[in-house]
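> entry21.tsv is reproduced below (TSV, C-alpha atoms).
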```tsv
chain	number	residue	atom	x	y	z
L	1	MET	CA	0.00	0.00	0.00
L	2	THR	CA	1.16	3.50	-0.73
L	3	SER	CA	2.20	5.81	2.08
L	4	GLU	CA	1.44	8.85	-0.05
L	5	LYS	CA	-1.82	10.65	0.59
L	6	LEU	CA	-4.31	10.05	-2.18
L	7	ASP	CA	-6.11	13.02	-3.74
L	8	PRO	CA	-9.65	12.02	-4.69
L	9	GLN	CA	-9.83	14.67	-7.41
L	10	ARG	CA	-6.66	13.37	-9.04
L	11	ASP	CA	-6.61	9.68	-8.09
L	12	TYR	CA	-10.24	8.49	-8.10
L	13	PRO	CA	-11.26	6.14	-9.60
L	14	LEU	CA	-8.11	4.28	-8.69
L	15	ALA	CA	-8.37	1.72	-11.51
L	16	SER	CA	-8.38	4.54	-14.07
L	17	HIS	CA	-6.03	7.05	-12.49
L	18	ARG	CA	-3.72	5.02	-10.24
L	19	PRO	CA	-3.73	1.44	-11.56
L	20	GLU	CA	-0.10	0.99	-10.44
L	21	LEU	CA	-1.37	0.95	-6.84
L	22	LEU	CA	-3.76	-1.93	-7.39
L	23	ARG	CA	-2.92	-5.63	-7.26
L	24	THR	CA	-4.93	-8.80	-7.03
L	25	PRO	CA	-4.64	-10.91	-3.87
L	26	THR	CA	-2.03	-12.98	-5.73
L	27	GLY	CA	-0.02	-9.89	-6.68
L	28	LYS	CA	-1.01	-9.52	-10.32
L	29	ARG	CA	-1.35	-6.01	-11.74
L	30	LEU	CA	-4.69	-5.04	-13.23
L	31	ASP	CA	-3.22	-4.89	-16.74
L	32	GLU	CA	-2.30	-8.57	-16.38
L	33	ILE	CA	-5.97	-9.54	-16.12
L	34	THR	CA	-6.82	-9.89	-19.79
L	35	MET	CA	-8.99	-12.22	-21.85
L	36	GLU	CA	-5.83	-13.67	-23.35
L	37	ALA	CA	-4.47	-14.42	-19.88
L	38	VAL	CA	-7.77	-16.03	-18.89
L	39	LEU	CA	-7.80	-18.21	-22.00
L	40	ALA	CA	-4.17	-19.18	-21.40
L	41	GLY	CA	-5.04	-20.30	-17.88
L	42	GLU	CA	-2.90	-17.57	-16.30
L	43	VAL	CA	-5.76	-16.04	-14.30
L	44	ALA	CA	-7.19	-17.91	-11.33
L	45	ALA	CA	-10.40	-17.20	-9.45
L	46	GLU	CA	-8.35	-15.64	-6.63
L	47	ASP	CA	-7.08	-13.06	-9.14
L	48	LEU	CA	-10.63	-11.77	-9.55
L	49	ARG	CA	-11.13	-11.01	-5.88
L	50	ILE	CA	-10.42	-7.63	-4.36
L	51	ALA	CA	-7.26	-7.28	-2.30
L	52	PRO	CA	-7.43	-5.85	1.22
L	53	GLU	CA	-4.91	-3.18	0.24
L	54	THR	CA	-7.30	-1.92	-2.46
L	55	LEU	CA	-10.11	-1.65	0.08
L	56	ARG	CA	-7.82	0.29	2.43
L	57	LEU	CA	-6.98	2.70	-0.40
L	58	GLN	CA	-10.70	3.14	-1.04
L	59	ALA	CA	-11.12	3.84	2.69
L	60	GLN	CA	-8.49	6.56	2.46
L	61	ILE	CA	-10.37	8.16	-0.45
L	62	ALA	CA	-13.69	7.96	1.43
L	63	ASP	CA	-12.16	9.53	4.55
L	64	SER	CA	-10.61	12.34	2.52
L	65	VAL	CA	-13.99	13.37	1.07
L	66	GLY	CA	-15.69	13.43	4.47
L	67	ARG	CA	-17.27	9.98	4.38
L	68	PRO	CA	-15.80	8.32	7.49
L	69	GLN	CA	-18.57	5.72	7.80
L	70	LEU	CA	-17.88	4.53	4.26
L	71	GLY	CA	-14.17	4.50	5.08
L	72	GLN	CA	-14.86	2.26	8.10
L	73	ASN	CA	-16.97	-0.04	5.91
L	74	PHE	CA	-14.04	-0.40	3.49
L	75	ARG	CA	-11.65	-1.15	6.39
L	76	ARG	CA	-14.01	-3.81	7.75
L	77	ALA	CA	-14.33	-5.26	4.26
L	78	ALA	CA	-10.53	-5.42	4.05
L	79	GLU	CA	-10.53	-7.47	7.26
L	80	LEU	CA	-13.17	-9.81	5.85
L	81	THR	CA	-11.04	-10.72	2.84
L	82	ALA	CA	-9.07	-13.06	5.15
L	83	LEU	CA	-12.18	-15.11	5.91
L	84	PRO	CA	-13.61	-17.98	3.90
L	85	ASP	CA	-16.79	-16.97	2.06
L	86	GLU	CA	-18.83	-19.46	4.09
L	87	LYS	CA	-17.77	-17.74	7.34
L	88	VAL	CA	-18.73	-14.31	6.03
L	89	LEU	CA	-22.15	-15.59	4.98
L	90	GLY	CA	-22.62	-17.32	8.33
L	91	PHE	CA	-21.77	-14.15	10.23
L	92	TYR	CA	-24.08	-12.14	7.99
L	93	ASN	CA	-26.95	-14.53	8.71
L	94	ALA	CA	-26.17	-14.45	12.43
L	95	LEU	CA	-26.72	-10.68	12.40
L	96	ARG	CA	-30.33	-10.97	11.27
L	97	PRO	CA	-32.78	-9.87	13.98
L	98	ARG	CA	-33.71	-12.74	16.32
L	99	ALA	CA	-31.19	-15.07	14.65
L	100	SER	CA	-28.60	-15.11	17.45
L	101	THR	CA	-28.29	-14.76	21.17
L	102	LYS	CA	-25.97	-12.19	22.69
L	103	GLN	CA	-23.61	-15.03	23.64
L	104	GLN	CA	-23.53	-16.28	20.04
L	105	LEU	CA	-22.75	-12.80	18.72
L	106	THR	CA	-20.06	-12.37	21.37
L	107	ALA	CA	-18.52	-15.68	20.31
L	108	ILE	CA	-18.48	-14.51	16.68
L	109	ALA	CA	-16.76	-11.28	17.74
L	110	GLU	CA	-14.14	-13.26	19.66
L	111	GLU	CA	-13.55	-15.56	16.69
L	112	LEU	CA	-13.14	-12.59	14.36
L	113	GLU	CA	-10.71	-10.93	16.72
L	114	HIS	CA	-8.64	-13.95	17.76
L	115	ASP	CA	-8.68	-16.15	14.65
L	116	TYR	CA	-8.63	-13.49	11.93
L	117	SER	CA	-7.34	-10.29	13.61
L	118	ALA	CA	-10.52	-8.62	12.39
L	119	THR	CA	-10.78	-6.18	15.27
L	120	LEU	CA	-12.99	-3.64	13.48
L	121	CYS	CA	-15.48	-6.34	12.50
L	122	ALA	CA	-15.42	-7.75	16.03
L	123	GLN	CA	-16.17	-4.31	17.42
L	124	LEU	CA	-19.13	-3.95	15.04
L	125	ILE	CA	-20.55	-7.34	16.08
L	126	ARG	CA	-20.26	-6.39	19.77
L	127	GLU	CA	-22.01	-3.08	19.09
L	128	ALA	CA	-24.76	-4.91	17.19
L	129	ALA	CA	-25.22	-7.34	20.10
L	130	ASP	CA	-25.67	-4.42	22.50
L	131	VAL	CA	-28.12	-2.64	20.20
L	132	TYR	CA	-30.09	-5.85	19.57
L	133	GLU	CA	-30.29	-6.39	23.33
L	134	ARG	CA	-31.64	-2.86	23.93
L	135	ARG	CA	-34.18	-3.26	21.12
L	136	GLY	CA	-35.22	-6.76	22.21
L	137	ILE	CA	-34.34	-8.42	18.91
L	138	LEU	CA	-31.91	-11.09	20.12
L	139	ALA	CA	-32.85	-14.76	19.78
L	140	SER	CA	-34.28	-16.35	22.92
```
Show me the file's structure as structure tokens.

Amino acid sequence: MTSEKLDPQRDYPLASHRPELLRTPTGKRLDEITMEAVLAGEVAAEDLRIAPETLRLQAQIADSVGRPQLGQNFRRAAELTALPDEKVLGFYNALRPRASTKQQLTAIAEELEHDYSATLCAQLIREAADVYERRGILAS
């Protein structure tokens, strides 16, 4: 990731204006993702996923234009890239009203924090558990 401060007027969208900053999770540059490369078997499914560094760059852009909530969403999304898709879907379903107890949500937060170092996501799950408790929408 770049240490330079991004300028949204100059740098956004990143893929158009700063493609040298973007890589796939396997390290490929965007210009290496071509139809020819796909047909030659040089592009794997993992190459089509977003890299956490890209999401952190997007967060920096969002913060710089006064959208801190969007920036936090991008940072949490960056943390989630380390999780298997099935885990993300399971956590999403657990956050539905009346789907989980406070203890279940707390256990999810602990798993996120300890197994995946996803501290921002863990914090969000804990906040959701508290809000669900106040609103009476936890599972019995």
> If we count only C-alpha atoms and set the cut-off at 10 Å, which residues sit around Arg98 (chain L), ignoring sequence neighbours fewer than 6 positions away in its own chain? Please answer as a PDB file with C-alpha atoms, in the coordinates of the input.

```pdb
ATOM      1  CA  TYR L 132     -30.090  -5.850  19.570  1.00  0.00           C
ATOM      2  CA  GLY L 136     -35.220  -6.760  22.210  1.00  0.00           C
ATOM      3  CA  ILE L 137     -34.340  -8.420  18.910  1.00  0.00           C
ATOM      4  CA  LEU L 138     -31.910 -11.090  20.120  1.00  0.00           C
ATOM      5  CA  ALA L 139     -32.850 -14.760  19.780  1.00  0.00           C
ATOM      6  CA  SER L 140     -34.280 -16.350  22.920  1.00  0.00           C
TER       7      SER L 140
END
```
> Could you please determine the separation between CA of Pro68 (chain L) and CA of Leu55 (chain L) in Å, to one decimal place?
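The value is 13.7 Å.
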> So how many Å separate CA of Leu21 (chain L) and CA of Leu112 (chain L), to one decimal?
27.8 Å
> Could you give me, as a PDB file with C-alpha atoms, in the coordinates of the input, the residues within 8 Å of region 61-64 of chain L, counting only C-alpha atoms and dropping anything in the same chain fewer than 4 positions from it?

```pdb
ATOM      1  CA  LEU L   6      -4.310  10.050  -2.180  1.00  0.00           C
ATOM      2  CA  ASP L   7      -6.110  13.020  -3.740  1.00  0.00           C
ATOM      3  CA  PRO L   8      -9.650  12.020  -4.690  1.00  0.00           C
ATOM      4  CA  TYR L  12     -10.240   8.490  -8.100  1.00  0.00           C
ATOM      5  CA  LEU L  57      -6.980   2.700  -0.400  1.00  0.00           C
ATOM      6  CA  PRO L  68     -15.800   8.320   7.490  1.00  0.00           C
ATOM      7  CA  LEU L  70     -17.880   4.530   4.260  1.00  0.00           C
ATOM      8  CA  GLY L  71     -14.170   4.500   5.080  1.00  0.00           C
TER       9      GLY L  71
END
```
> As a ChimeraX atom specification, please: the residues near region 37-49 of chain L (cut-off 7 Å, all atoms listed in the file, same-chain neighbours under 5 positions excluded).
/L:24-26
> So which one's closest to Lys87 (chain L), L:His17, L:Thr106, L:Glu111, L:Arg56? Using all atoms listed in the file, please.
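Using all atoms listed in the file, Lys87 (chain L) sits closest to L:Glu111.
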> To one decimal place, how far is CA of Pro13 (chain L) from CA of Ala51 (chain L) in Å?
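These atoms are spaced 15.8 Å apart.
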> I need every residue sitting at most 12 Å from the point (-14.5, -4.3, 3.3) (coordinates as in the file, all atoms listed in the file considered), written as an NGL selection string.
:L and (49-59 or 69-83 or 88 or 118 or 120-121)
> List the spatial neighbours of Glu20 (chain L) as an MDAnalysis selection string - criterion: any atom at most 12 Å away, all atoms listed in the file, same-chain residues fewer than 6 positions off excluded.
chainID L and resid 1:2 11 14 27:32 54
> Taking C-alpha atoms for each residue, export the selection above as a tab-separated table (two decimals), in the frame of the given file.

```tsv
chain	number	residue	atom	x	y	z
L	1	MET	CA	0.00	0.00	0.00
L	2	THR	CA	1.16	3.50	-0.73
L	11	ASP	CA	-6.61	9.68	-8.09
L	14	LEU	CA	-8.11	4.28	-8.69
L	27	GLY	CA	-0.02	-9.89	-6.68
L	28	LYS	CA	-1.01	-9.52	-10.32
L	29	ARG	CA	-1.35	-6.01	-11.74
L	30	LEU	CA	-4.69	-5.04	-13.23
L	31	ASP	CA	-3.22	-4.89	-16.74
L	32	GLU	CA	-2.30	-8.57	-16.38
L	54	THR	CA	-7.30	-1.92	-2.46
```
> May I have the residues within 9 Å of Ile108 (chain L) as a list in words, using all atoms listed in the file and disregarding those fewer than 2 positions away in the same chain?
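The residues satisfying every condition are Phe91, Ala94, Gln103, Gln104, Leu105, Thr106, Glu110, Glu111, Leu112, Glu113, Ala122, Ile125 and Arg126 of chain L.
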> Just C-alpha atoms for this one: save the residues we selected as a CSV table (one decimal), in the coordinates of the input.

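Result went into again-v3.csv, see below:
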```csv
chain,number,residue,atom,x,y,z
L,91,PHE,CA,-21.8,-14.2,10.2
L,94,ALA,CA,-26.2,-14.4,12.4
L,103,GLN,CA,-23.6,-15.0,23.6
L,104,GLN,CA,-23.5,-16.3,20.0
L,105,LEU,CA,-22.8,-12.8,18.7
L,106,THR,CA,-20.1,-12.4,21.4
L,110,GLU,CA,-14.1,-13.3,19.7
L,111,GLU,CA,-13.6,-15.6,16.7
L,112,LEU,CA,-13.1,-12.6,14.4
L,113,GLU,CA,-10.7,-10.9,16.7
L,122,ALA,CA,-15.4,-7.8,16.0
L,125,ILE,CA,-20.6,-7.3,16.1
L,126,ARG,CA,-20.3,-6.4,19.8
```
